[in-house]
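Raw input_37.cif, mmCIF, N, CA and C atoms:
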```cif
data_work
loop_
_atom_site.label_atom_id
_atom_site.label_comp_id
_atom_site.auth_asym_id
_atom_site.auth_seq_id
_atom_site.Cartn_x
_atom_site.Cartn_y
_atom_site.Cartn_z
N MET A 1 -4.38 7.79 -1.62
CA MET A 1 -5.71 7.75 -1.05
C MET A 1 -5.83 6.49 -0.17
N ARG A 2 -6.23 6.67 1.05
CA ARG A 2 -6.47 5.54 1.95
C ARG A 2 -7.87 5.01 1.68
N ILE A 3 -7.95 3.75 1.31
CA ILE A 3 -9.22 3.14 0.95
C ILE A 3 -9.69 2.28 2.11
N SER A 4 -10.91 2.52 2.55
CA SER A 4 -11.45 1.76 3.67
C SER A 4 -12.94 1.56 3.48
N PHE A 5 -13.37 0.31 3.53
CA PHE A 5 -14.77 -0.03 3.35
C PHE A 5 -15.32 -0.73 4.57
N THR A 6 -16.59 -0.47 4.87
CA THR A 6 -17.30 -1.30 5.83
C THR A 6 -17.63 -2.62 5.13
N ASP A 7 -18.09 -3.61 5.87
CA ASP A 7 -18.45 -4.89 5.25
C ASP A 7 -19.54 -4.71 4.20
N ARG A 8 -20.56 -3.91 4.51
CA ARG A 8 -21.66 -3.67 3.55
C ARG A 8 -21.16 -2.93 2.32
N GLU A 9 -20.30 -1.94 2.53
CA GLU A 9 -19.75 -1.21 1.39
C GLU A 9 -18.94 -2.14 0.50
N LEU A 10 -18.21 -3.04 1.12
CA LEU A 10 -17.42 -4.00 0.36
C LEU A 10 -18.32 -4.94 -0.45
N ASP A 11 -19.48 -5.30 0.10
CA ASP A 11 -20.45 -6.10 -0.66
C ASP A 11 -20.86 -5.36 -1.93
N VAL A 12 -21.16 -4.08 -1.80
CA VAL A 12 -21.58 -3.26 -2.94
C VAL A 12 -20.45 -3.12 -3.95
N MET A 13 -19.25 -2.80 -3.45
CA MET A 13 -18.11 -2.63 -4.35
C MET A 13 -17.81 -3.94 -5.09
N SER A 14 -17.92 -5.07 -4.41
CA SER A 14 -17.66 -6.36 -5.05
C SER A 14 -18.60 -6.59 -6.23
N VAL A 15 -19.86 -6.22 -6.05
CA VAL A 15 -20.82 -6.36 -7.16
C VAL A 15 -20.37 -5.49 -8.33
N LEU A 16 -20.02 -4.26 -8.06
CA LEU A 16 -19.62 -3.35 -9.14
C LEU A 16 -18.31 -3.80 -9.80
N TRP A 17 -17.37 -4.31 -9.01
CA TRP A 17 -16.14 -4.83 -9.61
C TRP A 17 -16.42 -6.04 -10.48
N ASP A 18 -17.39 -6.86 -10.08
CA ASP A 18 -17.71 -8.07 -10.83
C ASP A 18 -18.47 -7.77 -12.13
N ILE A 19 -19.47 -6.90 -12.05
CA ILE A 19 -20.34 -6.71 -13.22
C ILE A 19 -20.13 -5.38 -13.93
N GLY A 20 -19.38 -4.47 -13.33
CA GLY A 20 -19.19 -3.16 -13.95
C GLY A 20 -20.30 -2.22 -13.54
N PRO A 21 -20.42 -1.09 -14.25
CA PRO A 21 -21.43 -0.09 -13.88
C PRO A 21 -22.82 -0.69 -13.77
N ALA A 22 -23.55 -0.28 -12.72
CA ALA A 22 -24.86 -0.88 -12.47
C ALA A 22 -25.78 0.11 -11.77
N THR A 23 -27.07 -0.13 -11.91
CA THR A 23 -28.08 0.67 -11.22
C THR A 23 -28.28 0.13 -9.81
N VAL A 24 -29.02 0.88 -9.00
CA VAL A 24 -29.33 0.43 -7.64
C VAL A 24 -30.00 -0.94 -7.68
N ALA A 25 -30.99 -1.10 -8.55
CA ALA A 25 -31.73 -2.36 -8.64
C ALA A 25 -30.81 -3.52 -9.02
N GLU A 26 -29.88 -3.29 -9.94
CA GLU A 26 -28.96 -4.35 -10.36
C GLU A 26 -28.01 -4.73 -9.22
N VAL A 27 -27.53 -3.76 -8.49
CA VAL A 27 -26.66 -4.04 -7.34
C VAL A 27 -27.44 -4.80 -6.29
N ARG A 28 -28.63 -4.30 -5.98
CA ARG A 28 -29.47 -4.91 -4.94
C ARG A 28 -29.74 -6.38 -5.23
N LYS A 29 -29.98 -6.69 -6.49
CA LYS A 29 -30.30 -8.07 -6.89
C LYS A 29 -29.12 -9.02 -6.64
N ARG A 30 -27.89 -8.50 -6.68
CA ARG A 30 -26.71 -9.36 -6.58
C ARG A 30 -26.07 -9.39 -5.19
N ILE A 31 -26.55 -8.57 -4.28
CA ILE A 31 -26.03 -8.59 -2.91
C ILE A 31 -26.60 -9.82 -2.20
N PRO A 32 -25.75 -10.55 -1.47
CA PRO A 32 -26.22 -11.79 -0.83
C PRO A 32 -27.42 -11.60 0.11
N ASP A 33 -27.43 -10.55 0.90
CA ASP A 33 -28.55 -10.30 1.81
C ASP A 33 -29.62 -9.49 1.10
N GLN A 34 -30.86 -9.72 1.50
CA GLN A 34 -31.95 -8.93 0.92
C GLN A 34 -32.01 -7.60 1.66
N LEU A 35 -31.57 -6.56 0.99
CA LEU A 35 -31.59 -5.22 1.56
C LEU A 35 -32.63 -4.38 0.85
N ALA A 36 -33.16 -3.42 1.56
CA ALA A 36 -34.14 -2.50 0.96
C ALA A 36 -33.46 -1.67 -0.13
N TYR A 37 -34.24 -1.32 -1.12
CA TYR A 37 -33.75 -0.48 -2.22
C TYR A 37 -33.10 0.78 -1.66
N THR A 38 -33.77 1.41 -0.70
CA THR A 38 -33.25 2.67 -0.14
C THR A 38 -31.94 2.46 0.61
N THR A 39 -31.76 1.30 1.21
CA THR A 39 -30.50 1.00 1.90
C THR A 39 -29.35 0.92 0.91
N VAL A 40 -29.58 0.22 -0.20
CA VAL A 40 -28.55 0.10 -1.24
C VAL A 40 -28.26 1.47 -1.85
N LEU A 41 -29.31 2.24 -2.10
CA LEU A 41 -29.14 3.59 -2.63
C LEU A 41 -28.30 4.44 -1.69
N THR A 42 -28.58 4.37 -0.40
CA THR A 42 -27.82 5.15 0.58
C THR A 42 -26.35 4.73 0.57
N MET A 43 -26.09 3.44 0.49
CA MET A 43 -24.70 2.97 0.45
C MET A 43 -23.99 3.47 -0.80
N LEU A 44 -24.66 3.41 -1.94
CA LEU A 44 -24.06 3.89 -3.18
C LEU A 44 -23.76 5.39 -3.10
N ARG A 45 -24.69 6.15 -2.56
CA ARG A 45 -24.47 7.60 -2.42
C ARG A 45 -23.32 7.89 -1.45
N THR A 46 -23.23 7.11 -0.38
CA THR A 46 -22.15 7.28 0.59
C THR A 46 -20.80 6.97 -0.07
N LEU A 47 -20.74 5.87 -0.82
CA LEU A 47 -19.50 5.51 -1.51
C LEU A 47 -19.12 6.56 -2.55
N GLU A 48 -20.12 7.14 -3.19
CA GLU A 48 -19.84 8.22 -4.14
C GLU A 48 -19.31 9.45 -3.41
N HIS A 49 -19.91 9.78 -2.29
CA HIS A 49 -19.47 10.93 -1.49
C HIS A 49 -18.02 10.74 -1.02
N LYS A 50 -17.65 9.51 -0.70
CA LYS A 50 -16.28 9.20 -0.26
C LYS A 50 -15.28 9.22 -1.42
N GLY A 51 -15.79 9.28 -2.66
CA GLY A 51 -14.91 9.32 -3.82
C GLY A 51 -14.60 7.96 -4.42
N TYR A 52 -15.31 6.93 -4.01
CA TYR A 52 -15.04 5.58 -4.51
C TYR A 52 -15.88 5.22 -5.73
N LEU A 53 -16.96 5.96 -5.98
CA LEU A 53 -17.86 5.72 -7.11
C LEU A 53 -18.17 7.03 -7.81
N SER A 54 -18.66 6.90 -9.03
CA SER A 54 -19.28 8.03 -9.73
C SER A 54 -20.55 7.48 -10.37
N HIS A 55 -21.38 8.38 -10.89
CA HIS A 55 -22.58 7.90 -11.56
C HIS A 55 -22.87 8.72 -12.80
N THR A 56 -23.62 8.09 -13.70
CA THR A 56 -24.16 8.78 -14.86
C THR A 56 -25.66 8.59 -14.82
N GLU A 57 -26.37 9.55 -15.35
CA GLU A 57 -27.83 9.45 -15.36
C GLU A 57 -28.27 8.65 -16.56
N GLU A 58 -29.24 7.77 -16.31
CA GLU A 58 -29.82 6.94 -17.35
C GLU A 58 -31.32 7.02 -17.20
N GLY A 59 -31.92 7.99 -17.84
CA GLY A 59 -33.35 8.22 -17.62
C GLY A 59 -33.56 8.67 -16.18
N ARG A 60 -34.42 7.97 -15.46
CA ARG A 60 -34.66 8.31 -14.06
C ARG A 60 -33.69 7.61 -13.12
N ALA A 61 -32.94 6.66 -13.64
CA ALA A 61 -32.01 5.88 -12.81
C ALA A 61 -30.59 6.44 -12.92
N HIS A 62 -29.78 6.08 -11.97
CA HIS A 62 -28.35 6.39 -12.01
C HIS A 62 -27.60 5.08 -12.18
N ARG A 63 -26.56 5.13 -12.98
CA ARG A 63 -25.68 3.96 -13.16
C ARG A 63 -24.36 4.30 -12.46
N TYR A 64 -24.03 3.50 -11.45
CA TYR A 64 -22.84 3.75 -10.63
C TYR A 64 -21.68 2.90 -11.13
N LYS A 65 -20.49 3.52 -11.13
CA LYS A 65 -19.30 2.77 -11.54
C LYS A 65 -18.18 3.03 -10.53
N PRO A 66 -17.37 2.00 -10.30
CA PRO A 66 -16.28 2.15 -9.32
C PRO A 66 -15.16 3.03 -9.87
N LEU A 67 -14.62 3.88 -9.01
CA LEU A 67 -13.46 4.69 -9.35
C LEU A 67 -12.19 4.09 -8.75
N VAL A 68 -12.37 3.12 -7.87
CA VAL A 68 -11.27 2.46 -7.18
C VAL A 68 -11.18 1.04 -7.72
N LYS A 69 -10.00 0.62 -8.09
CA LYS A 69 -9.81 -0.74 -8.59
C LYS A 69 -9.76 -1.73 -7.43
N ARG A 70 -10.23 -2.93 -7.69
CA ARG A 70 -10.23 -4.00 -6.69
C ARG A 70 -8.83 -4.21 -6.12
N GLU A 71 -7.81 -4.18 -6.99
CA GLU A 71 -6.44 -4.44 -6.55
C GLU A 71 -5.97 -3.38 -5.56
N ALA A 72 -6.30 -2.12 -5.81
CA ALA A 72 -5.91 -1.04 -4.90
C ALA A 72 -6.59 -1.21 -3.55
N ALA A 73 -7.85 -1.56 -3.56
CA ALA A 73 -8.58 -1.79 -2.31
C ALA A 73 -7.98 -2.98 -1.57
N GLY A 74 -7.60 -4.02 -2.31
CA GLY A 74 -7.00 -5.21 -1.71
C GLY A 74 -5.67 -4.90 -1.05
N ARG A 75 -4.85 -4.10 -1.71
CA ARG A 75 -3.55 -3.72 -1.12
C ARG A 75 -3.75 -2.96 0.17
N THR A 76 -4.67 -2.00 0.15
CA THR A 76 -4.94 -1.20 1.35
C THR A 76 -5.48 -2.08 2.48
N ALA A 77 -6.42 -2.94 2.15
CA ALA A 77 -7.01 -3.82 3.16
C ALA A 77 -5.96 -4.76 3.74
N LEU A 78 -5.10 -5.28 2.89
CA LEU A 78 -4.06 -6.19 3.36
C LEU A 78 -3.07 -5.47 4.27
N ARG A 79 -2.66 -4.26 3.89
CA ARG A 79 -1.76 -3.48 4.75
C ARG A 79 -2.39 -3.24 6.11
N ARG A 80 -3.67 -2.91 6.09
CA ARG A 80 -4.38 -2.65 7.35
C ARG A 80 -4.46 -3.92 8.20
N LEU A 81 -4.75 -5.05 7.56
CA LEU A 81 -4.80 -6.33 8.27
C LEU A 81 -3.44 -6.67 8.88
N VAL A 82 -2.38 -6.52 8.11
CA VAL A 82 -1.04 -6.81 8.61
C VAL A 82 -0.73 -5.90 9.81
N ASP A 83 -1.04 -4.63 9.68
CA ASP A 83 -0.76 -3.70 10.77
C ASP A 83 -1.56 -4.01 12.03
N LYS A 84 -2.85 -4.26 11.87
CA LYS A 84 -3.74 -4.42 13.03
C LYS A 84 -3.72 -5.82 13.64
N VAL A 85 -3.65 -6.84 12.81
CA VAL A 85 -3.78 -8.21 13.31
C VAL A 85 -2.42 -8.88 13.49
N PHE A 86 -1.47 -8.57 12.61
CA PHE A 86 -0.18 -9.25 12.64
C PHE A 86 0.95 -8.33 13.08
N ASP A 87 0.61 -7.29 13.84
CA ASP A 87 1.60 -6.39 14.43
C ASP A 87 2.59 -5.84 13.40
N GLY A 88 2.08 -5.59 12.18
CA GLY A 88 2.92 -5.01 11.14
C GLY A 88 3.86 -5.99 10.46
N SER A 89 3.73 -7.28 10.75
CA SER A 89 4.67 -8.28 10.23
C SER A 89 4.06 -9.10 9.09
N PRO A 90 4.50 -8.86 7.85
CA PRO A 90 4.05 -9.70 6.74
C PRO A 90 4.45 -11.17 6.95
N GLU A 91 5.57 -11.38 7.64
CA GLU A 91 6.03 -12.75 7.91
C GLU A 91 5.01 -13.51 8.77
N LEU A 92 4.44 -12.83 9.78
CA LEU A 92 3.42 -13.48 10.60
C LEU A 92 2.18 -13.82 9.78
N LEU A 93 1.81 -12.93 8.86
CA LEU A 93 0.68 -13.21 7.98
C LEU A 93 0.95 -14.44 7.12
N LEU A 94 2.14 -14.48 6.53
CA LEU A 94 2.49 -15.62 5.68
C LEU A 94 2.54 -16.91 6.50
N THR A 95 3.06 -16.83 7.70
CA THR A 95 3.09 -18.00 8.58
C THR A 95 1.68 -18.50 8.84
N GLN A 96 0.77 -17.58 9.10
CA GLN A 96 -0.63 -17.95 9.32
C GLN A 96 -1.22 -18.61 8.08
N LEU A 97 -0.91 -18.05 6.92
CA LEU A 97 -1.44 -18.60 5.67
C LEU A 97 -0.96 -20.03 5.44
N VAL A 98 0.34 -20.25 5.55
CA VAL A 98 0.86 -21.58 5.22
C VAL A 98 0.55 -22.60 6.31
N SER A 99 0.21 -22.14 7.52
CA SER A 99 -0.18 -23.04 8.60
C SER A 99 -1.63 -23.49 8.47
N ASP A 100 -2.37 -22.80 7.64
CA ASP A 100 -3.79 -23.10 7.46
C ASP A 100 -3.97 -24.49 6.86
N LYS A 101 -4.67 -25.34 7.57
CA LYS A 101 -4.87 -26.72 7.11
C LYS A 101 -5.81 -26.80 5.90
N ASN A 102 -6.50 -25.70 5.57
CA ASN A 102 -7.43 -25.70 4.44
C ASN A 102 -6.73 -25.48 3.11
N LEU A 103 -5.47 -25.11 3.13
CA LEU A 103 -4.75 -24.92 1.87
C LEU A 103 -4.39 -26.27 1.28
N SER A 104 -4.64 -26.42 0.00
CA SER A 104 -4.30 -27.67 -0.67
C SER A 104 -2.80 -27.70 -0.97
N ASP A 105 -2.31 -28.87 -1.30
CA ASP A 105 -0.91 -29.00 -1.69
C ASP A 105 -0.63 -28.14 -2.91
N GLU A 106 -1.57 -28.08 -3.84
CA GLU A 106 -1.39 -27.27 -5.05
C GLU A 106 -1.29 -25.78 -4.70
N GLU A 107 -2.13 -25.31 -3.79
CA GLU A 107 -2.05 -23.91 -3.38
C GLU A 107 -0.72 -23.61 -2.70
N LEU A 108 -0.25 -24.53 -1.88
CA LEU A 108 1.05 -24.35 -1.22
C LEU A 108 2.18 -24.33 -2.26
N ARG A 109 2.10 -25.16 -3.28
CA ARG A 109 3.11 -25.15 -4.35
C ARG A 109 3.11 -23.82 -5.10
N ARG A 110 1.91 -23.29 -5.37
CA ARG A 110 1.82 -21.99 -6.07
C ARG A 110 2.42 -20.87 -5.20
N LEU A 111 2.15 -20.92 -3.89
CA LEU A 111 2.74 -19.92 -2.99
C LEU A 111 4.27 -20.02 -2.99
N ARG A 112 4.78 -21.25 -2.94
CA ARG A 112 6.24 -21.45 -2.97
C ARG A 112 6.82 -20.89 -4.27
N LYS A 113 6.14 -21.15 -5.38
CA LYS A 113 6.61 -20.65 -6.67
C LYS A 113 6.63 -19.12 -6.69
N LEU A 114 5.57 -18.49 -6.18
CA LEU A 114 5.52 -17.03 -6.12
C LEU A 114 6.66 -16.46 -5.27
N LEU A 115 6.91 -17.10 -4.13
CA LEU A 115 8.02 -16.65 -3.28
C LEU A 115 9.37 -16.80 -3.99
N ALA A 116 9.56 -17.93 -4.64
CA ALA A 116 10.83 -18.16 -5.36
C ALA A 116 11.01 -17.13 -6.46
N GLU A 117 9.96 -16.84 -7.21
CA GLU A 117 10.04 -15.84 -8.27
C GLU A 117 10.36 -14.46 -7.70
N ARG A 118 9.73 -14.14 -6.60
CA ARG A 118 9.96 -12.83 -5.96
C ARG A 118 11.41 -12.71 -5.49
N LEU A 119 11.95 -13.80 -4.94
CA LEU A 119 13.34 -13.79 -4.50
C LEU A 119 14.32 -13.64 -5.66
N ARG A 120 13.94 -14.16 -6.81
CA ARG A 120 14.78 -14.02 -8.01
C ARG A 120 14.55 -12.69 -8.72
N GLY A 121 13.61 -11.90 -8.22
CA GLY A 121 13.35 -10.59 -8.82
C GLY A 121 12.36 -10.61 -9.96
N ILE A 122 11.64 -11.71 -10.12
CA ILE A 122 10.64 -11.82 -11.18
C ILE A 122 9.30 -11.39 -10.60
N GLN A 123 8.66 -10.44 -11.26
CA GLN A 123 7.33 -9.99 -10.82
C GLN A 123 6.27 -10.82 -11.52
N PRO A 124 5.27 -11.34 -10.77
CA PRO A 124 4.22 -12.14 -11.40
C PRO A 124 3.37 -11.34 -12.35
#
```
With the file now loaded, output its structure as structure tokens.
Amino acid sequence: MRISFTDRELDVMSVLWDIGPATVAEVRKRIPDQLAYTTVLTMLRTLEHKGYLSHTEEGRAHRYKPLVKREAAGRTALRRLVDKVFDGSPELLLTQLVSDKNLSDEELRRLRKLLAERLRGIQP
């Protein structure tokens, strides 16, 4: 399944990945921007229609839960980023990452360790 979210959909999915199943009101309260209840409801219904969410009825409300794991969405998004921005080259992505002046020495050491483990065949 190819997973693709708009920025707003990703905001909604992030809330659900963080807190688990939630109602429209609970999602709305945790989204950074103040969106209308009906806007959040429409996004949840759209995500459900796309197969990324399901819901159960709870009285008059619906409780939505993600059917897609954060890790799966991350892999798909990263592949898309590599293809579109870095011309399909993971090496160019990694070069960009390690060239970033915002990375701390500790973060760079952890990246080096992950690469060394991967080269030795150890999966994190």
Using the chain letters and numbers from the file, give me the residues hit by the PyMOL selection byres ((chain A and resi 65) around 8), as a compact mmCIF listing (two decimals) with N, CA and C atoms, in the coordinates of the input.
```
# COMPACT_ATOMS: atom_id res chain seq x y z
N LEU A 16 -20.02 -4.26 -8.06
CA LEU A 16 -19.62 -3.35 -9.14
C LEU A 16 -18.31 -3.80 -9.80
N TRP A 17 -17.37 -4.31 -9.01
CA TRP A 17 -16.14 -4.83 -9.61
C TRP A 17 -16.42 -6.04 -10.48
N GLY A 20 -19.38 -4.47 -13.33
CA GLY A 20 -19.19 -3.16 -13.95
C GLY A 20 -20.30 -2.22 -13.54
N PRO A 21 -20.42 -1.09 -14.25
CA PRO A 21 -21.43 -0.09 -13.88
C PRO A 21 -22.82 -0.69 -13.77
N ALA A 22 -23.55 -0.28 -12.72
CA ALA A 22 -24.86 -0.88 -12.47
C ALA A 22 -25.78 0.11 -11.77
N THR A 23 -27.07 -0.13 -11.91
CA THR A 23 -28.08 0.67 -11.22
C THR A 23 -28.28 0.13 -9.81
N TYR A 52 -15.31 6.93 -4.01
CA TYR A 52 -15.04 5.58 -4.51
C TYR A 52 -15.88 5.22 -5.73
N LEU A 53 -16.96 5.96 -5.98
CA LEU A 53 -17.86 5.72 -7.11
C LEU A 53 -18.17 7.03 -7.81
N SER A 54 -18.66 6.90 -9.03
CA SER A 54 -19.28 8.03 -9.73
C SER A 54 -20.55 7.48 -10.37
N HIS A 55 -21.38 8.38 -10.89
CA HIS A 55 -22.58 7.90 -11.56
C HIS A 55 -22.87 8.72 -12.80
N THR A 56 -23.62 8.09 -13.70
CA THR A 56 -24.16 8.78 -14.86
C THR A 56 -25.66 8.59 -14.82
N HIS A 62 -29.78 6.08 -11.97
CA HIS A 62 -28.35 6.39 -12.01
C HIS A 62 -27.60 5.08 -12.18
N ARG A 63 -26.56 5.13 -12.98
CA ARG A 63 -25.68 3.96 -13.16
C ARG A 63 -24.36 4.30 -12.46
N TYR A 64 -24.03 3.50 -11.45
CA TYR A 64 -22.84 3.75 -10.63
C TYR A 64 -21.68 2.90 -11.13
N PRO A 66 -17.37 2.00 -10.30
CA PRO A 66 -16.28 2.15 -9.32
C PRO A 66 -15.16 3.03 -9.87
N LEU A 67 -14.62 3.88 -9.01
CA LEU A 67 -13.46 4.69 -9.35
C LEU A 67 -12.19 4.09 -8.75
N VAL A 68 -12.37 3.12 -7.87
CA VAL A 68 -11.27 2.46 -7.18
C VAL A 68 -11.18 1.04 -7.72
```
In Å, rounded to a single decimal, give me how far atom CA of Val15 of chain A is from atom CA of Arg45 of chain A.
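According to the coordinates, atom CA of Arg45 of chain A and atom CA of Val15 of chain A are separated by 15.2 Å.
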Calculate how many Å separate atom CA of Leu115 of chain A from atom CA of Lys84 of chain A, rounding to one decimal.
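Those two atoms sit 23.5 Å apart.
From atom CA of Ala77 of chain A back to atom CA of Thr6 of chain A, the distance works out to 10.9 Å.
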List every residue of segment 28-73 of chain A that DSSP, applied to the backbone, labels as strand (DSSP E or B), and write the result as number ranges by chain.
A: 53-58, 61-66
Take the residues just selected and output them with N, CA and C atoms as a PDB file, in the frame of the given file.
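part.pdb was written with the following content:
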```
ATOM      1  N   LEU A  53     -16.960   5.960  -5.980  1.00  0.00           N
ATOM      2  CA  LEU A  53     -17.860   5.720  -7.110  1.00  0.00           C
ATOM      3  C   LEU A  53     -18.170   7.030  -7.810  1.00  0.00           C
ATOM      4  N   SER A  54     -18.660   6.900  -9.030  1.00  0.00           N
ATOM      5  CA  SER A  54     -19.280   8.030  -9.730  1.00  0.00           C
ATOM      6  C   SER A  54     -20.550   7.480 -10.370  1.00  0.00           C
ATOM      7  N   HIS A  55     -21.380   8.380 -10.890  1.00  0.00           N
ATOM      8  CA  HIS A  55     -22.580   7.900 -11.560  1.00  0.00           C
ATOM      9  C   HIS A  55     -22.870   8.720 -12.800  1.00  0.00           C
ATOM     10  N   THR A  56     -23.620   8.090 -13.700  1.00  0.00           N
ATOM     11  CA  THR A  56     -24.160   8.780 -14.860  1.00  0.00           C
ATOM     12  C   THR A  56     -25.660   8.590 -14.820  1.00  0.00           C
ATOM     13  N   GLU A  57     -26.370   9.550 -15.350  1.00  0.00           N
ATOM     14  CA  GLU A  57     -27.830   9.450 -15.360  1.00  0.00           C
ATOM     15  C   GLU A  57     -28.270   8.650 -16.560  1.00  0.00           C
ATOM     16  N   GLU A  58     -29.240   7.770 -16.310  1.00  0.00           N
ATOM     17  CA  GLU A  58     -29.820   6.940 -17.350  1.00  0.00           C
ATOM     18  C   GLU A  58     -31.320   7.020 -17.200  1.00  0.00           C
ATOM     19  N   ALA A  61     -32.940   6.660 -13.640  1.00  0.00           N
ATOM     20  CA  ALA A  61     -32.010   5.880 -12.810  1.00  0.00           C
ATOM     21  C   ALA A  61     -30.590   6.440 -12.920  1.00  0.00           C
ATOM     22  N   HIS A  62     -29.780   6.080 -11.970  1.00  0.00           N
ATOM     23  CA  HIS A  62     -28.350   6.390 -12.010  1.00  0.00           C
ATOM     24  C   HIS A  62     -27.600   5.080 -12.180  1.00  0.00           C
ATOM     25  N   ARG A  63     -26.560   5.130 -12.980  1.00  0.00           N
ATOM     26  CA  ARG A  63     -25.680   3.960 -13.160  1.00  0.00           C
ATOM     27  C   ARG A  63     -24.360   4.300 -12.460  1.00  0.00           C
ATOM     28  N   TYR A  64     -24.030   3.500 -11.450  1.00  0.00           N
ATOM     29  CA  TYR A  64     -22.840   3.750 -10.630  1.00  0.00           C
ATOM     30  C   TYR A  64     -21.680   2.900 -11.130  1.00  0.00           C
ATOM     31  N   LYS A  65     -20.490   3.520 -11.130  1.00  0.00           N
ATOM     32  CA  LYS A  65     -19.300   2.770 -11.540  1.00  0.00           C
ATOM     33  C   LYS A  65     -18.180   3.030 -10.530  1.00  0.00           C
ATOM     34  N   PRO A  66     -17.370   2.000 -10.300  1.00  0.00           N
ATOM     35  CA  PRO A  66     -16.280   2.150  -9.320  1.00  0.00           C
ATOM     36  C   PRO A  66     -15.160   3.030  -9.870  1.00  0.00           C
TER      37      PRO A  66
END
```
